[in-house]
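Source file query.csv; content: CSV, C-alpha atoms.
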```csv
chain,number,residue,atom,x,y,z
A,1,MET,CA,53.5,-13.7,123.2
A,2,THR,CA,52.1,-12.6,119.9
A,3,LYS,CA,54.2,-13.6,116.9
A,4,ILE,CA,55.4,-11.0,114.4
A,5,ILE,CA,55.9,-11.9,110.8
A,6,PHE,CA,57.9,-9.0,109.2
A,7,ILE,CA,57.9,-9.3,105.4
A,8,VAL,CA,60.2,-7.0,103.4
A,9,CYS,CA,59.5,-6.9,99.6
A,10,ASP,CA,62.7,-5.4,98.4
A,11,GLY,CA,62.3,-2.5,95.9
A,12,LEU,CA,58.5,-2.9,96.0
A,13,GLY,CA,57.5,0.7,95.3
A,14,ASP,CA,57.5,2.3,91.9
A,15,ARG,CA,56.1,5.1,89.8
A,16,PRO,CA,53.2,5.1,87.2
A,17,ILE,CA,54.0,3.1,84.1
A,18,PRO,CA,52.3,4.2,80.8
A,19,GLU,CA,51.9,0.6,79.6
A,20,PHE,CA,49.9,-0.1,82.8
A,21,LYS,CA,47.6,2.9,82.2
A,22,SER,CA,49.6,5.0,84.6
A,23,LYS,CA,49.5,2.5,87.4
A,24,THR,CA,52.6,1.3,89.2
A,25,PRO,CA,53.5,-2.5,89.0
A,26,LEU,CA,52.0,-2.9,92.5
A,27,GLU,CA,48.7,-1.1,91.5
A,28,ALA,CA,48.5,-3.1,88.3
A,29,ALA,CA,49.2,-6.5,89.9
A,30,LYS,CA,46.4,-8.8,91.0
A,31,THR,CA,47.0,-9.0,94.8
A,32,PRO,CA,43.9,-10.3,96.6
A,33,ASN,CA,45.8,-11.3,99.7
A,34,LEU,CA,47.7,-8.1,100.1
A,35,ASP,CA,44.5,-6.2,99.5
A,36,PHE,CA,42.7,-8.3,102.1
A,37,LEU,CA,45.4,-7.5,104.7
A,38,ALA,CA,45.3,-3.8,103.8
A,39,LYS,CA,41.5,-3.6,104.0
A,40,ASN,CA,41.4,-5.4,107.4
A,41,GLY,CA,44.5,-3.8,108.8
A,42,ILE,CA,46.1,-0.4,109.2
A,43,THR,CA,48.3,1.2,106.6
A,44,GLY,CA,50.7,4.1,106.0
A,45,THR,CA,54.0,5.0,104.4
A,46,LEU,CA,57.5,5.3,105.7
A,47,ASN,CA,60.9,6.5,104.6
A,48,THR,CA,64.3,4.8,104.9
A,49,THR,CA,66.6,7.7,103.9
A,50,TRP,CA,69.8,8.4,105.9
A,51,HIS,CA,71.7,11.7,105.6
A,52,ASP,CA,69.1,12.7,103.0
A,53,LYS,CA,70.5,10.2,100.4
A,54,LYS,CA,68.6,7.7,98.4
A,55,PRO,CA,68.2,4.5,100.5
A,56,GLU,CA,70.6,1.6,100.2
A,57,SER,CA,69.5,-1.9,101.1
A,58,ASP,CA,71.8,-2.4,104.1
A,59,THR,CA,71.1,0.9,105.8
A,60,ALA,CA,67.4,0.7,105.0
A,61,HIS,CA,67.1,-2.6,106.7
A,62,LEU,CA,69.0,-1.5,109.7
A,63,LEU,CA,66.6,1.5,110.0
A,64,LEU,CA,63.6,-0.8,109.6
A,65,PHE,CA,65.0,-2.8,112.6
A,66,GLY,CA,65.4,0.4,114.6
A,67,TYR,CA,69.2,0.6,114.7
A,68,ASP,CA,71.1,3.9,115.0
A,69,LEU,CA,73.2,4.0,111.9
A,70,ASN,CA,75.4,6.8,113.2
A,71,ARG,CA,76.4,4.5,116.1
A,72,TYR,CA,76.5,1.1,114.5
A,73,TYR,CA,77.0,1.3,110.7
A,74,THR,CA,80.5,0.5,109.5
A,75,GLY,CA,79.8,-0.2,105.8
A,76,ARG,CA,78.0,-2.7,103.6
A,77,GLY,CA,80.9,-5.1,103.2
A,78,PRO,CA,80.6,-6.8,106.6
A,79,PHE,CA,77.0,-7.7,105.9
A,80,GLU,CA,77.8,-9.2,102.5
A,81,VAL,CA,80.6,-11.4,103.8
A,82,ALA,CA,78.6,-12.5,106.9
A,83,GLY,CA,75.8,-13.6,104.6
A,84,LEU,CA,78.3,-15.8,102.7
A,85,ASP,CA,79.6,-17.4,106.0
A,86,MET,CA,83.0,-15.9,105.4
A,87,LYS,CA,84.9,-15.9,108.7
A,88,THR,CA,86.5,-12.6,109.7
A,89,GLN,CA,89.3,-11.6,111.9
A,90,PRO,CA,90.0,-8.3,113.8
A,91,GLY,CA,91.4,-5.8,111.3
A,92,ASP,CA,89.8,-7.4,108.2
A,93,ILE,CA,88.3,-5.0,105.7
A,94,CYS,CA,85.2,-6.3,104.0
A,95,PHE,CA,83.6,-5.4,100.7
A,96,ARG,CA,80.6,-6.0,98.6
A,97,THR,CA,81.8,-6.8,95.1
A,98,ASN,CA,80.2,-7.0,91.6
A,99,VAL,CA,81.8,-8.6,88.6
A,100,ALA,CA,81.3,-6.0,85.8
A,101,THR,CA,82.1,-5.4,82.2
A,102,ILE,CA,84.4,-2.5,81.2
A,103,ASP,CA,86.0,-1.6,77.8
A,104,GLU,CA,89.7,-1.0,76.9
A,105,ASN,CA,89.4,2.5,78.3
A,106,LEU,CA,88.2,1.3,81.7
A,107,LYS,CA,84.7,2.7,80.9
A,108,ILE,CA,81.8,0.7,82.4
A,109,ILE,CA,79.6,-1.1,79.9
A,110,ASP,CA,77.6,-3.1,82.4
A,111,ARG,CA,77.9,-3.0,86.2
A,112,ARG,CA,76.7,-6.6,86.5
A,113,ALA,CA,78.3,-8.3,83.5
A,114,GLY,CA,75.0,-9.0,81.9
A,115,ARG,CA,73.6,-10.3,85.2
A,116,ILE,CA,76.0,-13.2,85.1
A,117,ASN,CA,74.5,-15.8,87.5
A,118,ASN,CA,77.6,-17.5,88.9
A,119,THR,CA,80.9,-16.0,90.1
A,120,ALA,CA,82.4,-19.2,91.5
A,121,GLU,CA,85.2,-19.3,88.8
A,122,PHE,CA,86.3,-15.8,89.7
A,123,ALA,CA,86.3,-16.4,93.4
A,124,LYS,CA,88.3,-19.5,93.1
A,125,LEU,CA,90.9,-17.8,90.8
A,126,PHE,CA,91.7,-15.0,93.3
A,127,ASN,CA,90.8,-16.5,96.7
A,128,ASN,CA,93.9,-16.5,99.0
A,129,SER,CA,95.9,-14.4,96.6
A,130,VAL,CA,98.5,-12.1,98.2
A,131,ASN,CA,99.5,-8.6,97.1
A,132,ASN,CA,102.1,-6.6,99.1
A,133,LYS,CA,101.7,-9.0,102.1
A,134,VAL,CA,97.9,-8.4,102.1
A,135,LYS,CA,95.7,-11.5,101.6
A,136,PHE,CA,92.6,-11.3,99.4
A,137,LEU,CA,89.8,-13.7,100.3
A,138,LEU,CA,86.9,-14.1,97.9
A,139,LYS,CA,83.7,-16.1,97.8
A,140,LYS,CA,80.9,-16.3,95.3
A,141,GLY,CA,77.6,-14.6,96.2
A,142,THR,CA,74.2,-14.3,94.7
A,143,ALA,CA,74.3,-14.1,90.9
A,144,TYR,CA,77.0,-11.5,89.9
A,145,ARG,CA,78.1,-10.7,93.4
A,146,LEU,CA,81.1,-11.7,95.5
A,147,GLY,CA,82.2,-11.2,99.1
A,148,LEU,CA,85.8,-9.9,99.4
A,149,ILE,CA,88.0,-9.5,102.5
A,150,MET,CA,91.4,-7.8,102.7
A,151,ARG,CA,93.5,-9.3,105.5
A,152,GLY,CA,96.8,-7.9,106.7
A,153,LYS,CA,98.5,-5.5,109.1
A,154,LYS,CA,97.6,-1.9,109.5
A,155,LEU,CA,94.6,-1.7,107.1
A,156,SER,CA,91.9,0.9,107.1
A,157,ALA,CA,88.3,0.9,105.9
A,158,ASN,CA,88.3,4.7,105.4
A,159,ILE,CA,88.7,4.4,101.6
A,160,THR,CA,86.4,5.3,98.7
A,161,GLN,CA,84.8,2.8,96.3
A,162,ASN,CA,85.7,2.3,92.6
A,163,ASP,CA,82.1,1.9,91.5
A,164,PRO,CA,80.6,5.2,90.1
A,165,LYS,CA,77.3,3.3,90.0
A,166,LYS,CA,76.8,4.5,86.4
A,167,VAL,CA,77.5,3.0,83.0
A,168,GLY,CA,79.3,4.9,80.3
A,169,VAL,CA,81.9,6.4,82.7
A,170,LYS,CA,85.3,5.2,83.8
A,171,VAL,CA,85.8,3.2,86.9
A,172,LEU,CA,87.0,5.2,89.9
A,173,LYS,CA,90.3,5.0,91.5
A,174,VAL,CA,90.1,3.9,95.2
A,175,LYS,CA,91.4,6.8,97.4
A,176,ALA,CA,92.2,7.3,101.0
A,177,GLN,CA,89.7,9.5,102.9
A,178,ASP,CA,92.2,10.6,105.5
A,179,ASN,CA,95.9,11.3,105.7
A,180,LYS,CA,96.9,8.2,107.7
A,181,PRO,CA,99.6,6.0,106.2
A,182,GLU,CA,97.5,2.8,106.7
A,183,THR,CA,94.6,4.3,104.7
A,184,LYS,CA,96.8,5.2,101.8
A,185,PHE,CA,98.5,1.8,101.9
A,186,THR,CA,95.1,0.1,101.8
A,187,ALA,CA,93.9,2.1,98.8
A,188,ASP,CA,97.2,1.5,97.0
A,189,VAL,CA,97.2,-2.3,97.6
A,190,LEU,CA,93.5,-2.5,96.6
A,191,ASN,CA,94.1,-0.5,93.4
A,192,SER,CA,97.0,-2.8,92.5
A,193,PHE,CA,94.9,-5.9,93.1
A,194,LEU,CA,92.1,-4.6,90.9
A,195,LYS,CA,94.5,-3.9,88.1
A,196,ILE,CA,96.0,-7.3,88.3
A,197,ALA,CA,92.6,-9.0,88.5
A,198,HIS,CA,91.4,-7.1,85.4
A,199,GLU,CA,94.3,-8.4,83.3
A,200,LYS,CA,93.6,-12.0,84.4
A,201,LEU,CA,89.8,-11.7,84.0
A,202,LYS,CA,89.8,-10.3,80.5
A,203,ASN,CA,92.1,-13.2,79.3
A,204,LEU,CA,90.0,-16.0,80.9
A,205,PRO,CA,88.8,-18.5,78.3
A,206,SER,CA,85.3,-18.3,79.7
A,207,ASN,CA,85.2,-14.5,79.1
A,208,LYS,CA,86.6,-14.9,75.6
A,209,LYS,CA,83.8,-17.4,75.0
A,210,ARG,CA,81.2,-15.0,76.4
A,211,VAL,CA,82.4,-12.3,73.9
A,212,LYS,CA,82.1,-14.7,71.0
A,213,GLN,CA,78.5,-15.5,72.1
A,214,GLY,CA,77.7,-11.8,72.2
A,215,LYS,CA,77.5,-11.7,76.0
A,216,PHE,CA,79.2,-9.2,78.3
A,217,PRO,CA,82.5,-10.5,79.7
A,218,ALA,CA,83.0,-10.5,83.5
A,219,ASN,CA,86.3,-8.6,83.3
A,220,TYR,CA,86.4,-6.3,86.3
A,221,PHE,CA,85.7,-6.1,90.0
A,222,LEU,CA,83.6,-3.2,91.3
A,223,VAL,CA,84.1,-2.9,95.1
A,224,ARG,CA,82.2,-0.8,97.6
A,225,GLY,CA,81.0,-0.7,101.1
A,226,ALA,CA,84.4,-1.0,102.8
A,227,GLY,CA,83.9,-1.8,106.5
A,228,ILE,CA,85.0,-3.6,109.6
A,229,TYR,CA,82.8,-6.1,111.4
A,230,PRO,CA,80.5,-4.0,113.6
A,231,LYS,CA,79.9,-4.4,117.3
A,232,ILE,CA,76.1,-4.2,117.4
A,233,PRO,CA,73.5,-5.5,120.0
A,234,SER,CA,71.5,-8.5,118.9
A,235,PHE,CA,67.8,-8.1,117.9
A,236,GLU,CA,66.8,-10.3,120.8
A,237,LYS,CA,68.8,-8.2,123.3
A,238,LYS,CA,67.3,-5.0,121.8
A,239,TYR,CA,63.7,-6.1,121.8
A,240,GLY,CA,63.4,-9.3,123.8
A,241,LEU,CA,62.3,-11.4,120.8
A,242,LYS,CA,64.0,-14.5,119.5
A,243,ALA,CA,64.3,-13.8,115.8
A,244,VAL,CA,64.6,-15.7,112.5
A,245,CYS,CA,65.9,-14.4,109.2
A,246,ILE,CA,64.6,-16.2,106.1
A,247,ALA,CA,66.3,-14.9,103.0
A,248,GLY,CA,68.0,-16.0,99.8
A,249,ALA,CA,70.5,-13.3,98.9
A,250,GLY,CA,73.7,-12.9,100.9
A,251,LEU,CA,73.3,-9.4,102.1
A,252,TYR,CA,70.0,-10.0,103.9
A,253,LYS,CA,71.3,-13.3,105.5
A,254,GLY,CA,74.3,-11.3,106.6
A,255,ILE,CA,72.1,-8.6,108.2
A,256,GLY,CA,70.2,-11.4,110.0
A,257,LYS,CA,73.4,-13.1,111.2
A,258,ILE,CA,75.1,-9.9,112.4
A,259,LEU,CA,71.9,-9.0,114.4
A,260,GLY,CA,72.0,-12.5,116.0
A,261,MET,CA,69.0,-13.9,114.1
A,262,PHE,CA,68.8,-17.6,113.4
A,263,THR,CA,69.4,-17.8,109.6
A,264,PRO,CA,68.4,-21.3,108.3
A,265,GLY,CA,69.0,-22.4,104.7
A,266,VAL,CA,65.9,-22.6,102.5
A,267,GLN,CA,65.9,-24.9,99.5
A,268,GLY,CA,65.2,-23.0,96.3
A,269,ALA,CA,65.7,-19.5,97.9
A,270,THR,CA,67.9,-17.9,95.4
A,271,GLY,CA,67.3,-14.1,95.8
A,272,LEU,CA,66.3,-14.1,92.1
A,273,PRO,CA,62.9,-14.1,90.3
A,274,ASP,CA,62.9,-17.9,90.3
A,275,SER,CA,63.2,-18.0,94.1
A,276,ASN,CA,61.0,-20.4,95.9
A,277,LEU,CA,58.9,-18.0,98.0
A,278,LYS,CA,56.5,-20.8,99.1
A,279,ALA,CA,59.5,-22.6,100.7
A,280,LYS,CA,60.3,-19.5,102.7
A,281,VAL,CA,56.7,-19.3,104.0
A,282,LYS,CA,56.8,-23.0,104.9
A,283,LYS,CA,60.0,-22.4,106.8
A,284,VAL,CA,58.2,-19.9,109.0
A,285,PHE,CA,55.6,-22.4,109.9
A,286,SER,CA,58.2,-25.1,110.7
A,287,LEU,CA,59.9,-22.7,113.2
A,288,TYR,CA,56.7,-21.0,114.4
A,289,LYS,CA,56.6,-22.4,117.9
A,290,ASN,CA,60.1,-21.5,118.9
A,291,TYR,CA,60.6,-17.9,117.8
A,292,GLY,CA,58.8,-14.6,118.2
A,293,PHE,CA,59.9,-12.6,115.2
A,294,PHE,CA,60.3,-13.7,111.6
A,295,PHE,CA,62.1,-11.5,109.1
A,296,VAL,CA,61.1,-12.8,105.7
A,297,HIS,CA,62.8,-11.2,102.7
A,298,PHE,CA,61.6,-11.3,99.1
A,299,LYS,CA,64.3,-9.8,96.7
A,300,ALA,CA,63.5,-9.8,93.0
A,301,ALA,CA,61.1,-6.8,92.7
A,302,ASP,CA,64.2,-4.7,93.3
A,303,SER,CA,66.5,-6.3,90.6
A,304,LEU,CA,63.6,-6.2,88.1
A,305,GLY,CA,63.1,-2.5,88.9
A,306,GLU,CA,66.8,-1.9,88.3
A,307,ASP,CA,66.4,-3.6,84.9
A,308,GLY,CA,63.4,-1.5,84.1
A,309,ASN,CA,61.4,-4.7,83.7
A,310,PHE,CA,58.0,-3.5,84.8
A,311,LYS,CA,56.1,-6.5,83.4
A,312,ASP,CA,58.1,-9.1,85.4
A,313,LYS,CA,58.1,-6.9,88.4
A,314,LYS,CA,54.3,-7.0,88.3
A,315,ARG,CA,54.4,-10.8,87.9
A,316,PHE,CA,56.8,-11.1,90.9
A,317,ILE,CA,54.6,-9.0,93.1
A,318,GLU,CA,51.7,-11.4,92.1
A,319,LYS,CA,54.0,-14.3,93.1
A,320,ILE,CA,54.6,-12.7,96.5
A,321,ASP,CA,50.8,-12.3,96.9
A,322,ARG,CA,50.2,-16.0,96.2
A,323,ALA,CA,53.0,-17.1,98.5
A,324,ILE,CA,51.8,-15.2,101.6
A,325,LYS,CA,48.3,-16.6,101.5
A,326,PRO,CA,49.0,-19.2,104.3
A,327,PHE,CA,49.8,-16.4,106.7
A,328,LEU,CA,46.2,-15.3,106.6
A,329,SER,CA,45.2,-18.4,108.5
A,330,LEU,CA,47.3,-17.4,111.6
A,331,LYS,CA,44.9,-16.2,114.3
A,332,LYS,CA,47.2,-14.3,116.6
A,333,ALA,CA,50.1,-13.3,114.4
A,334,ILE,CA,50.9,-9.7,113.6
A,335,LEU,CA,51.7,-9.4,109.9
A,336,VAL,CA,53.8,-6.5,108.8
A,337,ILE,CA,54.4,-6.0,105.1
A,338,THR,CA,56.6,-3.3,103.7
A,339,SER,CA,59.8,-2.6,101.7
A,340,ASP,CA,63.3,-1.2,102.2
A,341,HIS,CA,63.0,1.3,99.4
A,342,SER,CA,61.3,2.0,96.1
A,343,THR,CA,63.0,1.0,92.8
A,344,PRO,CA,61.1,2.8,90.0
A,345,CYS,CA,61.5,1.1,86.6
A,346,GLU,CA,61.9,4.4,84.9
A,347,LEU,CA,64.9,5.3,87.1
A,348,LYS,CA,66.4,1.8,87.2
A,349,THR,CA,67.8,2.6,90.7
A,350,HIS,CA,66.6,3.2,94.2
A,351,SER,CA,64.6,6.3,95.0
A,352,THR,CA,63.4,8.3,98.1
A,353,ASP,CA,59.7,7.8,97.2
A,354,PRO,CA,57.5,6.9,100.2
A,355,ILE,CA,57.2,3.2,100.9
A,356,PRO,CA,53.8,1.5,101.6
A,357,ILE,CA,53.3,-0.4,104.8
A,358,LEU,CA,50.5,-2.5,106.2
A,359,ILE,CA,50.1,-4.0,109.7
A,360,TYR,CA,47.5,-6.7,110.2
A,361,ASN,CA,46.1,-8.6,113.1
A,362,LYS,CA,42.6,-10.1,113.6
A,363,LYS,CA,41.9,-7.8,116.6
A,364,ILE,CA,43.0,-4.6,114.9
A,365,LYS,CA,40.6,-1.8,114.1
A,366,ALA,CA,41.0,-1.3,110.3
A,367,ASP,CA,41.4,2.0,108.6
A,368,LYS,CA,39.6,3.0,105.4
A,369,VAL,CA,42.2,1.8,102.9
A,370,ASN,CA,41.1,-1.0,100.6
A,371,LYS,CA,44.1,-1.8,98.5
A,372,PHE,CA,47.8,-2.2,99.2
A,373,SER,CA,49.5,0.3,97.0
A,374,GLU,CA,51.7,3.4,97.2
A,375,LYS,CA,48.9,5.8,96.6
A,376,GLU,CA,46.3,4.1,98.8
A,377,CYS,CA,48.5,3.5,101.8
A,378,ALA,CA,49.4,7.2,101.9
A,379,ASN,CA,45.8,7.7,103.2
A,380,GLY,CA,46.2,5.2,106.0
A,381,LYS,CA,45.9,5.6,109.7
A,382,LEU,CA,49.6,5.1,110.4
A,383,GLY,CA,50.5,8.3,108.4
A,384,HIS,CA,54.0,8.8,107.2
A,385,PHE,CA,56.9,8.2,109.5
A,386,LYS,CA,60.6,7.3,109.8
A,387,ALA,CA,61.5,3.6,109.4
A,388,SER,CA,63.5,3.6,112.7
A,389,LEU,CA,60.2,4.1,114.6
A,390,LEU,CA,58.5,1.0,113.1
A,391,ILE,CA,59.5,-1.8,115.4
A,392,PRO,CA,58.9,0.3,118.6
A,393,LYS,CA,55.6,1.3,117.1
A,394,ILE,CA,54.5,-2.3,116.5
A,395,LEU,CA,55.6,-3.4,120.0
A,396,SER,CA,54.0,-0.4,121.7
A,397,PHE,CA,50.8,-0.7,119.6
A,398,PHE,CA,50.2,-4.4,120.3
A,399,ASN,CA,51.9,-4.5,123.8
A,400,THR,CA,53.6,-7.8,122.9
```

Represent the supplied structure as structure tokens.
Amino acid sequence: MTKIIFIVCDGLGDRPIPEFKSKTPLEAAKTPNLDFLAKNGITGTLNTTWHDKKPESDTAHLLLFGYDLNRYYTGRGPFEVAGLDMKTQPGDICFRTNVATIDENLKIIDRRAGRINNTAEFAKLFNNSVNNKVKFLLKKGTAYRLGLIMRGKKLSANITQNDPKKVGVKVLKVKAQDNKPETKFTADVLNSFLKIAHEKLKNLPSNKKRVKQGKFPANYFLVRGAGIYPKIPSFEKKYGLKAVCIAGAGLYKGIGKILGMFTPGVQGATGLPDSNLKAKVKKVFSLYKNYGFFFVHFKAADSLGEDGNFKDKKRFIEKIDRAIKPFLSLKKAILVITSDHSTPCELKTHSTDPIPILIYNKKIKADKVNKFSEKECANGKLGHFKASLLIPKILSFFNT
């Protein structure tokens, strides 16, 4: 069976940057290996929108893997906590959590507390705390993130988030989205916990020290993606392929685990710009004989786009290009390289812009595209299509 190496470069796409002479970071980057694959493969663009909203990383990945979100998606939280190896029980409500910075009026100054890189102190402070007979379980995630679980009787995931996803506005109050008593109870207990946590966080010696150093204090929890653990068929059951997930950040490892993919640890895989991408590639080769599908995730182009850091986004794309070079030596493998969404530096958030994709195999009849970029791939043989069609398209095209 032909092997499929499926590389997702998170937040890869962008828009023209004046400092790059109106080129995107991908167009401006030196990418000889990606360009070789595009020139000798087939290209196109795809979209990962759901309900006509801008793509989120969790829903976009599930669409890339061909899963019906209306049937299987229960919220982002379960994927976050699964990626952190947090054990869940029936009835648990799971959340994706940021430590953030707010002022005395509850107005958000920074949604990531200056991209603080370690949340272990905060997880330890609140893990196993109890509020109104509901236990709160927390675990550090990548950089400024945490996994959070609410555990108790008669809880509901049908609540809103407190994160407005903007700075300069007040945090939101968590609200029930139906009239059920358990939903109102869940919202009230969570609001109470967040208020208590804020008081403790702002008085931490470490946060007072950060203020003296001119840094943003990590004084608030932004929670979103409330959900219960989903019942979802494994990738192998769906497609007949034993799959591996190779990622550094918790969300993507969580997606792999929930889809039944083997998710090994990779030394130096951080999910940050310093992530050891070559180690991820080596991990593919070490497992190559035993699996048919390799999901390889490269994260940092997304976070750099969210920071508006177009120079380092270009550099990270070049880092990806160098890292994937060993894959070009594989004679039978199908290489698929795409993204989950665009993250334009001018917007500092995700967008609905089309996402470039290339598919390469030595036996493939190439189209006329010579460079891997947003603009060039729009002229490719694959055309523009929905992400949910991608895996079936690959399997059908190559008859694996």

Of the residues A:Ser342, A:Ser329, A:Thr142, A:Ser234, which is the one nearest to A:Leu259, using all atoms listed in the file?
A:Ser234

Nearest candidate to A:Phe327 (options A:Lys209, A:His350, A:Lys278, A:His297; using only C-alpha atoms):
A:Lys278

Selected residue of minimal separation from A:Ile196 among A:Ala249, A:Phe126, A:Ala218, A:Pro233, counting all atoms listed in the file
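Smallest separation from A:Ile196 among the options: A:Phe126.
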
Length of the atom CA of A:Leu37 to atom CA of A:Phe372 vector [Å]
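Taking atom CA of A:Leu37 as the start and atom CA of A:Phe372 as the end point, the length is 8.0 Å.
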
Which residue out of A:Val284, A:Ile317, A:Ile108, A:Leu389 has the minimum interatomic distance to A:Phe298 when only C-alpha atoms are used?
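Answer, going by the shortest atom-to-atom distance: A:Ile317.
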
Point-to-point distance in Å for atom CA of A:Lys386 and atom CA of A:Arg96
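Distance reported for this atom pair: 26.5 Å.
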
Residue neighbourhood A:Ser192, 12 Å, all atoms listed in the file, exclusion window fewer than 4 positions, as a ChimeraX atom specification:
/A:130-132,134,136,173-174,185-188,196-199

For the residues in the current selection, export C-alpha atoms as a PDB file, in the coordinates of the input.
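What follows is the written file selection_14.pdb:
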```
ATOM      1  CA  VAL A 130      98.500 -12.100  98.200  1.00  0.00           C
ATOM      2  CA  ASN A 131      99.500  -8.600  97.100  1.00  0.00           C
ATOM      3  CA  ASN A 132     102.100  -6.600  99.100  1.00  0.00           C
ATOM      4  CA  VAL A 134      97.900  -8.400 102.100  1.00  0.00           C
ATOM      5  CA  PHE A 136      92.600 -11.300  99.400  1.00  0.00           C
ATOM      6  CA  LYS A 173      90.300   5.000  91.500  1.00  0.00           C
ATOM      7  CA  VAL A 174      90.100   3.900  95.200  1.00  0.00           C
ATOM      8  CA  PHE A 185      98.500   1.800 101.900  1.00  0.00           C
ATOM      9  CA  THR A 186      95.100   0.100 101.800  1.00  0.00           C
ATOM     10  CA  ALA A 187      93.900   2.100  98.800  1.00  0.00           C
ATOM     11  CA  ASP A 188      97.200   1.500  97.000  1.00  0.00           C
ATOM     12  CA  ILE A 196      96.000  -7.300  88.300  1.00  0.00           C
ATOM     13  CA  ALA A 197      92.600  -9.000  88.500  1.00  0.00           C
ATOM     14  CA  HIS A 198      91.400  -7.100  85.400  1.00  0.00           C
ATOM     15  CA  GLU A 199      94.300  -8.400  83.300  1.00  0.00           C
TER      16      GLU A 199
END
```

Give me the residues within 7 Å of A:Thr24 as a PyMOL selection string, counting all atoms listed in the file and dropping any in the same chain fewer than 4 places off.
chain A and resi 14-17+28

Write the residues of the selection above to a file with C-alpha atoms, as a PDB file, keeping the file's coordinate frame.
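Result written to out13.pdb:
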```
ATOM      1  CA  ASP A  14      57.500   2.300  91.900  1.00  0.00           C
ATOM      2  CA  ARG A  15      56.100   5.100  89.800  1.00  0.00           C
ATOM      3  CA  PRO A  16      53.200   5.100  87.200  1.00  0.00           C
ATOM      4  CA  ILE A  17      54.000   3.100  84.100  1.00  0.00           C
ATOM      5  CA  ALA A  28      48.500  -3.100  88.300  1.00  0.00           C
TER       6      ALA A  28
END
```

What is the atom CA of A:Asp85-atom CA of A:Leu12 distance in Å, reported with one decimal?
27.5 Å

Tell me, as a ChimeraX atom specification, which residues lie within 7 Å of stretch 50-61 of chain A, counting only C-alpha atoms; anything in the same chain fewer than 2 positions away does not count.
/A:48,63-65,76,340-341,350-352

Within 10 Å of (43.7, -0.5, 106.4) (coordinates as in the file), grab all the protein and nucleic acid residues, counting only C-alpha atoms, and write them out as number ranges by chain.
A: 35-44, 357-360, 364-372, 376-377, 379-382

With distances taken over all atoms listed in the file, which residue among A:Ala100, A:Ala300, A:Ile246, A:Ile394 lies nearest A:Ile7?
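So, comparing all the options, the nearest one is A:Ile246.
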
I'd like the contact shell of A:Leu106 - 10 Å cut-off, only C-alpha atoms, skipping same-chain residues fewer than 4 positions apart - returned as a list in words.
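Using only C-alpha atoms, the neighbours found are Thr101, Ile102, Gly168, Val169, Lys170, Val171, Leu172, His198 and Tyr220 of chain A.
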
Would you kindly return, as a PDB file with C-alpha atoms, keeping the file's coordinate frame, each protein, DNA or RNA residue with an atom no farther than 9 Å from any atom of A:Glu318, considering all atoms listed in the file and excluding same-chain residues fewer than 2 positions away?
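Saved the output as selection.pdb:
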```pdb
ATOM      1  CA  LEU A  26      52.000  -2.900  92.500  1.00  0.00           C
ATOM      2  CA  ALA A  29      49.200  -6.500  89.900  1.00  0.00           C
ATOM      3  CA  LYS A  30      46.400  -8.800  91.000  1.00  0.00           C
ATOM      4  CA  THR A  31      47.000  -9.000  94.800  1.00  0.00           C
ATOM      5  CA  LYS A 313      58.100  -6.900  88.400  1.00  0.00           C
ATOM      6  CA  LYS A 314      54.300  -7.000  88.300  1.00  0.00           C
ATOM      7  CA  ARG A 315      54.400 -10.800  87.900  1.00  0.00           C
ATOM      8  CA  PHE A 316      56.800 -11.100  90.900  1.00  0.00           C
ATOM      9  CA  ILE A 320      54.600 -12.700  96.500  1.00  0.00           C
ATOM     10  CA  ASP A 321      50.800 -12.300  96.900  1.00  0.00           C
ATOM     11  CA  ARG A 322      50.200 -16.000  96.200  1.00  0.00           C
ATOM     12  CA  ALA A 323      53.000 -17.100  98.500  1.00  0.00           C
TER      13      ALA A 323
END
```

A:Asn118 proximity check over A:Asp307, A:Thr270, A:Ile228, A:Asn70, using only C-alpha atoms: winner is A:Thr270

Pull the neighbourhood of (61.3, 10.9, 108.7) for me: all residues within 9 Å in file coordinates, counting all atoms listed in the file, as an MDAnalysis selection string.
chainID A and resid 46:49 384:388
